[in-house]
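Encoded as structure tokens, the structure appears first; notes follow it.
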Amino acid sequence: MEAIDIEPWLFRVEPLEGESFSHFLGRFRRANKLTPTGLGKMAGLGGAIARWEKFRFNPPPSRQQLEALAFVIGVKGDRLQEMLPPLGVGMKLEPVRLCGACYAQSPCHKIEWQFKTATGCDRHKLRLLSECPNCKARFKIPALWFEGACQRCFMTFAQMAEYQKLIV
Ligand SMILES: [Zn+2]
Ligand SMILES: [Zn+2]
């Protein structure tokens, strides 16, 4: 990643491969102890951060908004764009989905899991989970995934891979 100068008191957070915008924003905010409103204020984006963390991309973030955020957090606008659904790809806001096998390898929520067309994980040939296989709790929005586990029964996301069905 090419460096952009950011405010010296902010911690830089590197995006992970395939990471969704919601998951990344949550990680950045926690590293810097910022609320969605606080980050929105710093970037002059009002309430947009909270909407984006819930995958509300209607209207989609504009180039100008992404550049304003890039300036604050030190990740280029182009890289931020990669965490969003590509043009013309519909998003499913709920339920939030998970491939536990992917999470075990790289602990993040991937944007492709929320594409309307997504049924499974292509890499692992596994169906995506839309709830905890142990206690049936729905997953929280990825911005809140700091524990890497079900918020109710604490089964880890990595453990959940064993419950995913093979795509046949
Ligand atoms: Zn996977
Ligand atoms: Zn659970």
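Residue numbers start at 1 in each chain; chains themselves are named A, B, ... in the order of the structure tokens; ligands are numbered from 1 in the order shown.
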Give the residues close to ligand 2, within 9 Å, counting only C-alpha atoms and all ligand atoms; write them as a PyMOL selection string. chain A and resi 131-139+149-156
With C-alpha atoms retained, export the selected residues as a PDB file, in the first residue's frame.
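Saved result, selection_9.pdb, follows:
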ATOM      1  CA  GLU A 131     -26.347 -17.969  11.727  1.00  0.00           C
ATOM      2  CA  CYS A 132     -24.341 -19.626  14.467  1.00  0.00           C
ATOM      3  CA  PRO A 133     -24.601 -23.403  13.890  1.00  0.00           C
ATOM      4  CA  ASN A 134     -24.504 -24.012  17.638  1.00  0.00           C
ATOM      5  CA  CYS A 135     -27.061 -21.581  19.103  1.00  0.00           C
ATOM      6  CA  LYS A 136     -28.700 -20.170  15.938  1.00  0.00           C
ATOM      7  CA  ALA A 137     -27.924 -16.545  16.810  1.00  0.00           C
ATOM      8  CA  ARG A 138     -27.632 -14.243  13.806  1.00  0.00           C
ATOM      9  CA  PHE A 139     -24.214 -12.717  13.197  1.00  0.00           C
ATOM     10  CA  ALA A 149     -16.879 -15.651  17.861  1.00  0.00           C
ATOM     11  CA  CYS A 150     -20.623 -15.938  18.361  1.00  0.00           C
ATOM     12  CA  GLN A 151     -21.712 -13.204  20.739  1.00  0.00           C
ATOM     13  CA  ARG A 152     -24.144 -15.556  22.497  1.00  0.00           C
ATOM     14  CA  CYS A 153     -22.453 -18.967  22.855  1.00  0.00           C
ATOM     15  CA  PHE A 154     -18.846 -17.946  22.074  1.00  0.00           C
ATOM     16  CA  MET A 155     -18.229 -20.660  19.501  1.00  0.00           C
ATOM     17  CA  THR A 156     -15.389 -19.253  17.403  1.00  0.00           C
TER      18      THR A 156
END
Near His23 (chain A), counting only C-alpha atoms, which residues have an atom at most 7 Å away, once you skip same-chain residues fewer than 3 positions from it, shown as JSON, numbers by chain? {"A": [19, 20, 26, 27, 108, 109, 142, 143]}
Could you save those same residues with N, CA and C atoms as a PDB file, in the first residue's frame?
ATOM      1  N   GLU A  19     -11.542  -8.065   2.328  1.00  0.00           N
ATOM      2  CA  GLU A  19     -12.267  -7.549   3.500  1.00  0.00           C
ATOM      3  C   GLU A  19     -13.398  -6.603   3.108  1.00  0.00           C
ATOM      4  N   SER A  20     -14.512  -6.731   3.804  1.00  0.00           N
ATOM      5  CA  SER A  20     -15.636  -5.831   3.528  1.00  0.00           C
ATOM      6  C   SER A  20     -15.408  -4.481   4.214  1.00  0.00           C
ATOM      7  N   GLY A  26     -14.863  -1.028  11.194  1.00  0.00           N
ATOM      8  CA  GLY A  26     -14.910  -1.406  12.606  1.00  0.00           C
ATOM      9  C   GLY A  26     -13.508  -1.558  13.176  1.00  0.00           C
ATOM     10  N   ARG A  27     -12.629  -2.203  12.431  1.00  0.00           N
ATOM     11  CA  ARG A  27     -11.250  -2.389  12.918  1.00  0.00           C
ATOM     12  C   ARG A  27     -10.541  -1.048  13.063  1.00  0.00           C
ATOM     13  N   CYS A 108     -11.442 -11.981   8.800  1.00  0.00           N
ATOM     14  CA  CYS A 108     -12.259 -10.835   8.404  1.00  0.00           C
ATOM     15  C   CYS A 108     -13.512 -11.296   7.692  1.00  0.00           C
ATOM     16  N   HIS A 109     -14.468 -10.390   7.623  1.00  0.00           N
ATOM     17  CA  HIS A 109     -15.690 -10.626   6.843  1.00  0.00           C
ATOM     18  C   HIS A 109     -15.416 -10.189   5.419  1.00  0.00           C
ATOM     19  N   PRO A 142     -20.518  -6.874  10.556  1.00  0.00           N
ATOM     20  CA  PRO A 142     -19.076  -7.158  10.643  1.00  0.00           C
ATOM     21  C   PRO A 142     -18.253  -6.085  11.346  1.00  0.00           C
ATOM     22  N   ALA A 143     -18.726  -4.852  11.351  1.00  0.00           N
ATOM     23  CA  ALA A 143     -17.990  -3.789  12.056  1.00  0.00           C
ATOM     24  C   ALA A 143     -17.848  -4.124  13.546  1.00  0.00           C
TER      25      ALA A 143
END
All residues 8 Å or closer to Ile73 (chain A), only C-alpha atoms, same chain fewer than 3 positions away omitted, as a list of chain:residue names: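 These residues fall inside the cut-off: A:Ile6, A:Leu10, A:Arg12, A:Val13, A:Phe28, A:Leu69, A:Ala70.
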List the spatial neighbours of Gly18 (chain A) as a PDB file with all heavy atoms, in the first residue's frame - criterion: any atom at most 9 Å away, only C-alpha atoms, same-chain residues fewer than 4 positions off excluded.
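What follows is the written file around.pdb:
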ATOM      1  N   GLU A  82     -12.396  -1.028  -3.408  1.00  0.00           N
ATOM      2  CA  GLU A  82     -12.342  -2.495  -3.531  1.00  0.00           C
ATOM      3  C   GLU A  82     -13.099  -3.209  -2.420  1.00  0.00           C
ATOM      4  O   GLU A  82     -13.413  -4.384  -2.537  1.00  0.00           O
ATOM      5  CB  GLU A  82     -10.880  -2.981  -3.501  1.00  0.00           C
ATOM      6  CG  GLU A  82     -10.118  -2.691  -4.763  1.00  0.00           C
ATOM      7  CD  GLU A  82      -8.636  -3.041  -4.612  1.00  0.00           C
ATOM      8  OE1 GLU A  82      -8.307  -3.931  -3.792  1.00  0.00           O
ATOM      9  OE2 GLU A  82      -7.814  -2.419  -5.307  1.00  0.00           O
ATOM     10  N   MET A  83     -13.360  -2.497  -1.330  1.00  0.00           N
ATOM     11  CA  MET A  83     -14.092  -3.110  -0.217  1.00  0.00           C
ATOM     12  C   MET A  83     -15.600  -2.971  -0.394  1.00  0.00           C
ATOM     13  O   MET A  83     -16.376  -3.408   0.445  1.00  0.00           O
ATOM     14  CB  MET A  83     -13.667  -2.476   1.107  1.00  0.00           C
ATOM     15  CG  MET A  83     -12.229  -2.753   1.463  1.00  0.00           C
ATOM     16  SD  MET A  83     -11.855  -2.147   3.117  1.00  0.00           S
ATOM     17  CE  MET A  83     -10.580  -0.968   2.729  1.00  0.00           C
ATOM     18  N   CYS A 108     -11.442 -11.981   8.800  1.00  0.00           N
ATOM     19  CA  CYS A 108     -12.259 -10.835   8.404  1.00  0.00           C
ATOM     20  C   CYS A 108     -13.512 -11.296   7.692  1.00  0.00           C
ATOM     21  O   CYS A 108     -13.595 -12.432   7.235  1.00  0.00           O
ATOM     22  CB  CYS A 108     -11.456  -9.867   7.518  1.00  0.00           C
ATOM     23  SG  CYS A 108     -11.169 -10.418   5.841  1.00  0.00           S
ATOM     24  N   HIS A 109     -14.468 -10.390   7.623  1.00  0.00           N
ATOM     25  CA  HIS A 109     -15.690 -10.626   6.843  1.00  0.00           C
ATOM     26  C   HIS A 109     -15.416 -10.189   5.419  1.00  0.00           C
ATOM     27  O   HIS A 109     -14.890  -9.092   5.197  1.00  0.00           O
ATOM     28  CB  HIS A 109     -16.840  -9.800   7.419  1.00  0.00           C
ATOM     29  CG  HIS A 109     -18.093  -9.851   6.594  1.00  0.00           C
ATOM     30  ND1 HIS A 109     -18.367  -8.915   5.624  1.00  0.00           N
ATOM     31  CD2 HIS A 109     -19.113 -10.735   6.577  1.00  0.00           C
ATOM     32  CE1 HIS A 109     -19.529  -9.235   5.053  1.00  0.00           C
ATOM     33  NE2 HIS A 109     -20.006 -10.324   5.614  1.00  0.00           N
ATOM     34  N   LYS A 110     -15.733 -11.040   4.450  1.00  0.00           N
ATOM     35  CA  LYS A 110     -15.463 -10.716   3.052  1.00  0.00           C
ATOM     36  C   LYS A 110     -16.704 -10.130   2.381  1.00  0.00           C
ATOM     37  O   LYS A 110     -17.811 -10.620   2.565  1.00  0.00           O
ATOM     38  CB  LYS A 110     -14.996 -11.962   2.305  1.00  0.00           C
ATOM     39  CG  LYS A 110     -13.614 -12.428   2.749  1.00  0.00           C
ATOM     40  CD  LYS A 110     -13.092 -13.473   1.774  1.00  0.00           C
ATOM     41  CE  LYS A 110     -11.935 -14.255   2.322  1.00  0.00           C
ATOM     42  NZ  LYS A 110     -10.717 -13.493   2.554  1.00  0.00           N
ATOM     43  N   ILE A 111     -16.479  -9.097   1.591  1.00  0.00           N
ATOM     44  CA  ILE A 111     -17.585  -8.393   0.931  1.00  0.00           C
ATOM     45  C   ILE A 111     -18.372  -9.339   0.015  1.00  0.00           C
ATOM     46  O   ILE A 111     -19.595  -9.267  -0.066  1.00  0.00           O
ATOM     47  CB  ILE A 111     -17.086  -7.140   0.157  1.00  0.00           C
ATOM     48  CG1 ILE A 111     -18.251  -6.311  -0.387  1.00  0.00           C
ATOM     49  CG2 ILE A 111     -16.141  -7.486  -0.971  1.00  0.00           C
ATOM     50  CD1 ILE A 111     -19.071  -5.602   0.650  1.00  0.00           C
ATOM     51  N   GLU A 112     -17.680 -10.291  -0.625  1.00  0.00           N
ATOM     52  CA  GLU A 112     -18.371 -11.168  -1.591  1.00  0.00           C
ATOM     53  C   GLU A 112     -19.434 -12.052  -0.932  1.00  0.00           C
ATOM     54  O   GLU A 112     -20.356 -12.504  -1.593  1.00  0.00           O
ATOM     55  CB  GLU A 112     -17.354 -12.044  -2.340  1.00  0.00           C
ATOM     56  CG  GLU A 112     -16.602 -12.979  -1.431  1.00  0.00           C
ATOM     57  CD  GLU A 112     -15.411 -13.669  -2.134  1.00  0.00           C
ATOM     58  OE1 GLU A 112     -14.719 -13.000  -2.904  1.00  0.00           O
ATOM     59  OE2 GLU A 112     -15.211 -14.863  -1.888  1.00  0.00           O
TER      60      GLU A 112
END
Do you know which residues are within 10 Å of ligand 1 using only C-alpha atoms and all ligand atoms? Can you write them as a ChimeraX atom specification? /A:98-106,110,113,120-128,161,164
Kindly save the residues from that selection, with N, CA, C and O atoms included, as a CSV table (one decimal), in the first residue's frame.
chain,number,residue,atom,x,y,z
A,98,LEU,N,-21.1,-15.9,6.6
A,98,LEU,CA,-19.7,-16.2,7.0
A,98,LEU,C,-19.3,-17.6,6.4
A,98,LEU,O,-20.0,-18.5,6.3
A,99,CYS,N,-18.0,-17.6,6.0
A,99,CYS,CA,-17.3,-18.9,5.7
A,99,CYS,C,-16.3,-19.0,6.8
A,99,CYS,O,-15.3,-18.2,6.9
A,100,GLY,N,-16.5,-19.9,7.7
A,100,GLY,CA,-15.6,-20.1,8.9
A,100,GLY,C,-14.2,-20.5,8.5
A,100,GLY,O,-13.2,-20.2,9.1
A,101,ALA,N,-14.2,-21.3,7.4
A,101,ALA,CA,-12.9,-21.8,6.9
A,101,ALA,C,-12.0,-20.6,6.4
A,101,ALA,O,-10.8,-20.6,6.6
A,102,CYS,N,-12.6,-19.6,5.7
A,102,CYS,CA,-11.9,-18.4,5.3
A,102,CYS,C,-11.5,-17.6,6.5
A,102,CYS,O,-10.4,-17.2,6.6
A,103,TYR,N,-12.4,-17.5,7.5
A,103,TYR,CA,-12.1,-16.7,8.7
A,103,TYR,C,-10.9,-17.3,9.4
A,103,TYR,O,-10.1,-16.5,10.0
A,104,ALA,N,-10.8,-18.6,9.5
A,104,ALA,CA,-9.7,-19.3,10.2
A,104,ALA,C,-8.4,-18.9,9.5
A,104,ALA,O,-7.3,-18.8,10.2
A,105,GLN,N,-8.4,-18.6,8.2
A,105,GLN,CA,-7.2,-18.3,7.5
A,105,GLN,C,-6.9,-16.8,7.5
A,105,GLN,O,-5.7,-16.4,7.5
A,106,SER,N,-7.9,-16.0,7.5
A,106,SER,CA,-7.8,-14.5,7.5
A,106,SER,C,-9.0,-14.0,8.2
A,106,SER,O,-10.1,-14.0,7.7
A,110,LYS,N,-15.7,-11.0,4.4
A,110,LYS,CA,-15.5,-10.7,3.1
A,110,LYS,C,-16.7,-10.1,2.4
A,110,LYS,O,-17.8,-10.6,2.6
A,113,TRP,N,-19.3,-12.3,0.4
A,113,TRP,CA,-20.3,-13.1,1.1
A,113,TRP,C,-21.7,-12.4,1.1
A,113,TRP,O,-22.7,-13.1,1.3
A,120,GLY,N,-22.2,-19.8,-1.9
A,120,GLY,CA,-21.1,-20.5,-1.1
A,120,GLY,C,-19.8,-19.8,-1.3
A,120,GLY,O,-19.6,-18.8,-1.9
A,121,CYS,N,-18.8,-20.4,-0.6
A,121,CYS,CA,-17.4,-19.9,-0.8
A,121,CYS,C,-16.7,-20.7,-1.9
A,121,CYS,O,-16.7,-22.0,-1.8
A,122,ASP,N,-16.3,-20.0,-2.9
A,122,ASP,CA,-15.7,-20.7,-4.0
A,122,ASP,C,-14.4,-21.4,-3.7
A,122,ASP,O,-14.0,-22.4,-4.2
A,123,ARG,N,-13.7,-20.7,-2.7
A,123,ARG,CA,-12.3,-21.3,-2.4
A,123,ARG,C,-12.4,-22.6,-1.6
A,123,ARG,O,-11.7,-23.5,-1.9
A,124,HIS,N,-13.4,-22.7,-0.7
A,124,HIS,CA,-13.5,-23.9,0.1
A,124,HIS,C,-14.6,-24.8,-0.4
A,124,HIS,O,-14.8,-25.9,0.2
A,125,LYS,N,-15.4,-24.4,-1.4
A,125,LYS,CA,-16.5,-25.2,-1.8
A,125,LYS,C,-17.5,-25.5,-0.7
A,125,LYS,O,-18.0,-26.6,-0.5
A,126,LEU,N,-17.7,-24.5,0.1
A,126,LEU,CA,-18.6,-24.7,1.3
A,126,LEU,C,-19.7,-23.7,1.2
A,126,LEU,O,-19.5,-22.6,0.7
A,127,ARG,N,-20.9,-24.1,1.7
A,127,ARG,CA,-22.0,-23.1,1.8
A,127,ARG,C,-21.7,-22.1,2.9
A,127,ARG,O,-21.0,-22.5,3.9
A,128,LEU,N,-22.2,-20.9,2.7
A,128,LEU,CA,-22.0,-19.9,3.8
A,128,LEU,C,-23.0,-20.1,4.9
A,128,LEU,O,-24.1,-20.6,4.7
A,161,ALA,N,-16.5,-23.7,10.9
A,161,ALA,CA,-16.2,-24.3,9.6
A,161,ALA,C,-16.6,-25.8,9.5
A,161,ALA,O,-17.1,-26.3,8.5
A,164,GLN,N,-20.1,-26.3,8.2
A,164,GLN,CA,-20.5,-25.9,6.8
A,164,GLN,C,-20.7,-27.1,5.9
A,164,GLN,O,-19.9,-28.0,5.9
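Taking CA of Val72 (chain A) and CA of Phe57 (chain A) as endpoints, the distance between them is 20.3 Å.
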d(CA of Thr117 (chain A), CA of Ile167 (chain A)) in Å: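 Answer for the CA of Thr117 (chain A) to CA of Ile167 (chain A) separation: 14.6 Å.
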One decimal place gives the CA of Gly88 (chain A)-CA of Val75 (chain A) separation as 24.1 Å
Excluding Pro61 (chain A) and residues on its chain fewer than 4 positions from it, collect all residues at most 9 Å away from it, counting only C-alpha atoms, and give them as a PDB file with N, CA, C and O atoms, in the first residue's frame.
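out-v8.pdb written:
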ATOM      1  N   ALA A  48     -22.672   8.969   7.566  1.00  0.00           N
ATOM      2  CA  ALA A  48     -22.453   7.959   6.519  1.00  0.00           C
ATOM      3  C   ALA A  48     -21.752   6.703   7.045  1.00  0.00           C
ATOM      4  O   ALA A  48     -22.041   5.594   6.596  1.00  0.00           O
ATOM      5  N   TRP A  52     -22.768   2.832   6.215  1.00  0.00           N
ATOM      6  CA  TRP A  52     -21.881   1.953   5.457  1.00  0.00           C
ATOM      7  C   TRP A  52     -21.554   0.690   6.254  1.00  0.00           C
ATOM      8  O   TRP A  52     -21.396  -0.390   5.692  1.00  0.00           O
ATOM      9  N   PHE A  57     -25.606   0.920   1.035  1.00  0.00           N
ATOM     10  CA  PHE A  57     -24.857   1.609  -0.031  1.00  0.00           C
ATOM     11  C   PHE A  57     -25.793   2.183  -1.072  1.00  0.00           C
ATOM     12  O   PHE A  57     -25.522   2.143  -2.257  1.00  0.00           O
ATOM     13  N   GLN A  65     -16.599  11.268  -1.294  1.00  0.00           N
ATOM     14  CA  GLN A  65     -16.683  10.787   0.086  1.00  0.00           C
ATOM     15  C   GLN A  65     -15.533   9.828   0.406  1.00  0.00           C
ATOM     16  O   GLN A  65     -14.937   9.891   1.475  1.00  0.00           O
ATOM     17  N   LEU A  66     -15.231   8.940  -0.545  1.00  0.00           N
ATOM     18  CA  LEU A  66     -14.150   7.979  -0.319  1.00  0.00           C
ATOM     19  C   LEU A  66     -12.803   8.698  -0.188  1.00  0.00           C
ATOM     20  O   LEU A  66     -11.977   8.333   0.640  1.00  0.00           O
ATOM     21  N   GLN A  81     -12.494   1.558  -2.405  1.00  0.00           N
ATOM     22  CA  GLN A  81     -13.479   1.155  -3.407  1.00  0.00           C
ATOM     23  C   GLN A  81     -13.542  -0.372  -3.554  1.00  0.00           C
ATOM     24  O   GLN A  81     -14.601  -0.949  -3.758  1.00  0.00           O
ATOM     25  N   LEU A  84     -15.997  -2.344  -1.493  1.00  0.00           N
ATOM     26  CA  LEU A  84     -17.411  -2.131  -1.804  1.00  0.00           C
ATOM     27  C   LEU A  84     -17.844  -3.099  -2.891  1.00  0.00           C
ATOM     28  O   LEU A  84     -17.010  -3.629  -3.621  1.00  0.00           O
TER      29      LEU A  84
END
